[in-house]
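Before any comments, here is the structure.
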Amino acid sequence: MRFDVLGPVRLRRADEVVPLPGSLRRRMLAILLAHPNQPVSVDVLVDALWGAQLDPRARQKVKLHAHRLRKVLDDSTRLTFGPGGYRLRVLPGELDAEIFEQLMDRATANPQQRVELLRGALDLWRGRPYDDLDIPILAGEAERLADRRLHALEELYTAELDRGRHTAVVAELAELARQFPLRERLSELLMNALYRAGRRVDALAAYQEARRTLVAEIGVEPGAALRAIQQQILTDEPVHAAEQWPPQSRPAQLPRAITGFVGRAPELAALTDRPTEDGLVVLAGTAGVGKTALAVHWAHQVKEQFPDGQLYVDLHGYGPEQPVSPAEALEGFLRALGVAGTAIPCGQAERSARLRSILDGRRMLIVLDNARSVEQVRPLLPGVSSCFVLITSRDALAGLAAREGAHRLILDRLTPNEAERLLRQLLGEELAGGAQPTARVIQQCARLPLALRIAAEQLRSRPGIRVTEPACERERLDLLDIDGDSYTSVRAVFSWSYRQLPSEAARLFQLFGVYPGHDIDEYALTALVGKDPVVTQRALDTLVRAHLVEETSPGRYQPHDLLRAYAAELATTDGDRAGQHAALGRLSDYYRHTAATAMNILTPHEIEFAPEHPPAMAGPVLGSYESALGWLDRERTNLVLVAERTAACGQTAYLTDLAVILWRYLDMGLYTDDAQRLHTSALAIAREREDRVTESVALSALGLLHYRMGRYAEAAEGLARSLALHSQFGDHTWQGPALYYLACAQRATGGAGDAREHRRQSFVLYRAVGSQPQRISPLINLGFAHQRLGQYRQAFRCFRRAHAVAEESGNRLRQAYALLHLAEVCRESGRVDEALQYSYRTLALARKSGIHSVEGQILRQIGSSAPA
């Protein structure tokens with residue numbers, strides 16, 4: 001069976017199109033295909049299928065259409081109903097949009113293979129996605145897929161130019177540049193093709209046409225890349241088929257815009273009218289007033305004016321969780337802009353300077369959401385006016401206005417008319433209940449959008465609920481205190497919503513206040529609750545419907561920071577410390593076990609970690625390297641935050657275990673900040689409880705961290721102390737790595753004799769292990785020894801054998817290191833072409849596998865090996 005959405009929606013069986021009678025059934029299938037293998041709630045289907053023409057029997061009709069759709073699918077197991085709603089099971093290779101994106105992701109550095117894969121991906125398209133359906137809920141997905149298609153076209157013609165087919169593709173590129181005149185990358189490729197085909201005048205004319213369009217349509221000059229190609233052509237410099245930036249280098253990080261946005265016309269106009277050379281705006285206002293909603297709504301409206309992409313970060317400036325430090329935010333931005341982990345500086349000032357250098361000449365939109373202070377924001381600002389920065393905060397951030405000339409917009413509560421429009425839009429005229437009830441609800445919600453949305457959900461789901469009278473005098477005072485503490489002004493609205501929750505949902509909401517991480521997935525929530533997954537899912541669905549928790553991305557949830565603060569207050573008032581500690585204990589068991597599982601996939605046959613008590617709750621299926629790495633990347637920050645919270649509660653075992661489990665992952669990705677926090681805390685805990693084994697491991701990990709950061713003397717000192725402790729216990733597992741990196745650090749500081757001796761000891765120690773996969777490191781060590789003596793043939797054999805064993809055992813990290821050393825041996829022995837081949841193989845493997853520690857080394861190696 002095949003499902004097609006890259007054009008009119010259709011269902012095929014054995015290459016025959018299956019008729020889909022009835023527009024509602026067709027719409028329902030399209031919505032389910034936009035969320036394959038994910039539950040879609042009945043409320044979402046009702047809103048999408050009937051919209052404003054709400055049918056009182058809509059929910060029953062959804063059930064009827066689902067039944068009829070099952071008949072068309074000819075498989076009752078395809079479409080199932082559960083706590084989260086209807087779920088359409090789509091198998092791998094059945095959905096054309098999924099096949100398209102998989103082919104794009106498989107496109108490699110080889111131009112010929114890239115062309116074949118990308119042309120195969122583009123051949124799947126038959127028109128605009130979901131072309132025959134006008135459903136607002138599908139608009140965002142259709143736009144995303146259409147943008148991916150343009151990116152695929154850009155990648156395709158980049159590869160064609162890499163193959164030297166510049167003359168053959170000129171006509172195709174000219175037509176694409178005409179169709180998409182604001183897509184600067186297409187104009188760059190067209191200019192490149194024309195110039196390389198000997199048509200210099202036409203190439204310059206293409207630049208002038210692109211510039212005229214940009215100035216006329218959106219009032220901006222061409223970006224840095226387009227201007228650079230023009231300059232190269234004017235000066236007759238050779239222009240090569242410069243590779244397209246990696247996808248993450250043109251980030252599109254804006255979160256999904258809120259549905260049902262109402263009002264704010266003056267603020268939207270004020271933002272839009274700001275000139276690009278005055279692009280620093282602070283949007284300030286009380287909690288829950290809609291700052292983020294306005295910022296994201298406006299950003300989506302104008303994002304096409306910023307062809308170099310959008311950066312977004314939630315700085316978590318308010319709420320119970322730890323605010324994001326400038327250094328953390330800078331690391332995230334640099335990685336999103338394509339900077340390898342090895343190239344990210346350690347210090348905050350250096351990271352800030354690197355960001356300013358990268359942004360110089362680019363036109364980007366940067367949204368800094370939920371900022372707490374000027375100090376948190378200032379290091380994140382670009383040094384050029386071509387980037388527009390929008391900051392949201394409860395504070396006016398007066399220092400930015402005084403020093404950086406920021407323009408301030410103070411966002412007030414909704415006007416009474418806007419509040420009424422929002423409430424009626426959320427409820428519909430019938431449920432709004434006339435002017436008087438609507439006015440009373442608006443008054444109780446203090447005209448705050450967040451409170452109005454929560455109240456509307458309660459009224460919609462429980463039409464008979466009474467909202468006109470507060471439960472106690474304290475609530476009445478809270479409701480009236482709209483000019484005081486913004487949190488207490490809406491506490492009553494939150495409590496009104498909270499009191500309507502079933503017991504399981506209320507308990508889950510409290511646990512969101514206990515959880516110290518950012519967002520969380522369903523598996524972790526189930527572990528936190530300690531109940532059956534069905535019970536947890538039902539409670540979670542209740543919270544989402546009540547707007548107490550939002551789904552920030554597919555399968556991941558978190559409450560608004562104001563709601564998280566309220567949940568934390570409830571948890572504190574509840575006083576069930578034992579229950580909360582038990583919940584964190586279950587969560588840490590789940591995280592510990594899943595992180596260990598992921599690491600055993602990433603680095604098999606190295607340091608395996610098996611917890612004494614595996615968690616009772618099921619976790620995600622991590623069946624491949626990519627799935628294991630993806631899970632660690634998504635959960636990295638949460639793993640560390642939960643470790644710090646549990647340690648603060650006296651449960652220190654999880655933090656020290658996590659430090660052992662994650663040391664290699666944090667090193668691979670060069671997550672130096674997280675590694676520093678985790679291993680420093682583990683060292684302090686180990687010394688406090690006089691645990692010499694854990695202390696030695698923490699010293700090893702910190703020594704390796706210092707080595708990566710170029711602090712070779714500190715690395716050698718820490719690794720030597722670690723080695724002394726390892727030797728006391730006869731711990732060969734950690735003694736080998738400690739000896740190896742100690743030798744590397746000593747060689748970097750000039751201690752060649754000590755380095756040779758420690759490398760020899762490391763080889764002897766590694767060689768003593770029994771299993772074949774664990775002989776990879778001694779083979780690499782032996783290869784090093786031969787290489788240092790100039791015995792390149794023997795060194796080459798050792799490294800090649802190490803690569804074969806690593807490849808056979810599935811250890812990509814060791815594969816990458818073996819390839820790196822093969823390239824180095826070839827380079828030293830004068831085999832430059834062969835060295836470059838190994839270098840590019842290493843680079844492709846390191847980038848594909850997230851091994852940034854190797855990526856940085858190989859880039860430096862390529863630079864020294866490439867011919868002038």
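Scheme for the structure tokens: letters A, B, ... for chains in order shown; per-chain residue numbers from 1; ligand numbers from 1 in order shown.
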
Excluding Cys649 (chain A) and any residue of its chain fewer than 3 positions from it, enumerate the residues within 12 Å of it, using only C-alpha atoms, and give them as a list in words.
Val514, Arg577, Ala578, Gln580, His581, Ala582, Leu584, Gly585, Val642, Ala643, Glu644, Arg645, Thr646, Thr652, Ala653, Tyr654 and Leu655 of chain A

Among listed residues A:Gly288, A:Pro416, A:Gly850, A:Gly219, nearest Ala628 (chain A) (using only C-alpha atoms)
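Nearest to Ala628 (chain A): A:Gly850.
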
Picked from region 564-645 of chain A by DSSP as alpha helix (DSSP H), as an NGL selection string
:A and (564-574 or 577-602 or 625-645)

What is the distance between CA of Glu834 (chain A) and CA of Arg814 (chain A), in Å to one decimal?
19.9 Å

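From CA of Gln253 (chain A) back to CA of Val339 (chain A), the distance works out to 16.0 Å.
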
What lies within 9 Å of Arg126 (chain A) using only C-alpha atoms, ignoring chain neighbours under 6 positions off, as a ChimeraX atom specification?
/A:5-8

Name the residues of region 364-411 of chain A that fall into strand (DSSP E or B) according to DSSP on the backbone, using the chain letters and numbers of this document, as a PyMOL selection string.
chain A and resi 365-371+388-393+407-410

Mind running region 120-198 of chain A against region 13-25 of chain A at 12 Å and telling me each contacting residue's nearest atom pair with the distance in Å (one decimal), counting only C-alpha atoms, chain and number ascending, as JSON lines?
{"residue": "A:Asp132", "atom": "CA", "partner": "A:Ser23", "partner_atom": "CA", "distance": 10.1}
{"residue": "A:Leu133", "atom": "CA", "partner": "A:Ser23", "partner_atom": "CA", "distance": 8.9}
{"residue": "A:Asp134", "atom": "CA", "partner": "A:Ser23", "partner_atom": "CA", "distance": 11.1}
{"residue": "A:Ile135", "atom": "CA", "partner": "A:Leu24", "partner_atom": "CA", "distance": 11.0}

Could the residues in this selection be saved with N, CA, C and O atoms as a CSV table (one decimal), in the first residue's frame?
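Here's the written file out-v4.csv:
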chain,number,residue,atom,x,y,z
A,132,ASP,N,-5.1,19.2,-3.1
A,132,ASP,CA,-6.5,19.4,-3.4
A,132,ASP,C,-7.3,19.6,-2.1
A,132,ASP,O,-8.5,19.5,-2.1
A,133,LEU,N,-6.6,20.0,-1.0
A,133,LEU,CA,-7.3,20.2,0.3
A,133,LEU,C,-6.9,21.5,0.9
A,133,LEU,O,-5.7,21.9,0.9
A,134,ASP,N,-7.9,22.2,1.3
A,134,ASP,CA,-7.6,23.6,1.9
A,134,ASP,C,-8.0,23.4,3.4
A,134,ASP,O,-9.1,23.8,3.8
A,135,ILE,N,-7.1,22.9,4.2
A,135,ILE,CA,-7.3,22.7,5.6
A,135,ILE,C,-6.2,23.5,6.4
A,135,ILE,O,-5.0,23.2,6.2

Select, from A:Arg119, A:Gly85, A:Ser700, A:Leu501, the residue with the minimum atom-to-atom distance to Gln537 (chain A), counting only C-alpha atoms.
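Ranking A:Arg119, A:Gly85, A:Ser700, A:Leu501 by distance to Gln537 (chain A), first place goes to A:Gly85.
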
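Nearest to Leu426 (chain A) of all the residues A:Gly51, A:Leu843, A:Ala402, A:Val549 is A:Gly51, counting only C-alpha atoms.
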
When distances are computed from only C-alpha atoms, which of A:Lys71, A:Arg183, A:Arg227, A:Arg413 shows the smallest separation from Leu214 (chain A)?
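For Leu214 (chain A), the nearest of the candidates is A:Arg183.
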
Non-local contacts of Val215 (chain A) (12 Å; only C-alpha atoms; under 6 positions in same chain excluded) as a list in words
Pro181, Leu182, Gln208, Glu209, Glu221, Pro222, Gly223 and Gln305 of chain A

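Using only C-alpha atoms, the contacts of Ala823 (chain A) at a cut-off of 8 Å, with sequence neighbours closer than 5 positions omitted, comprise Glu834, Ala835, Leu836, Gln837, Tyr838 and Ser839 of chain A.
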
One decimal place gives the CA of Leu742 (chain A)-CA of Ala715 (chain A) separation as 7.3 Å

If you count only C-alpha atoms, the residue of A:Leu563, A:Val44, A:Leu69, A:Val660 closest to Leu11 (chain A) turns out to be A:Leu69

Quick one: everything within 6 Å of Ala203 (chain A), counting only C-alpha atoms, minus sequence neighbours fewer than 6 positions away in the same chain. Send it as a list in words.
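Using only C-alpha atoms, the neighbours found are Met191, Leu194 and Tyr195 of chain A.
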
Near-region 148-153 of chain A list (10 Å; only C-alpha atoms; drop same-chain fewer than 2 positions) as an MDAnalysis selection string:
chainID A and resid 6 100:101 103:105 107 115 117:119 121:122 125 128 142:146 155:159 173 176 180 183 185:186 244 247
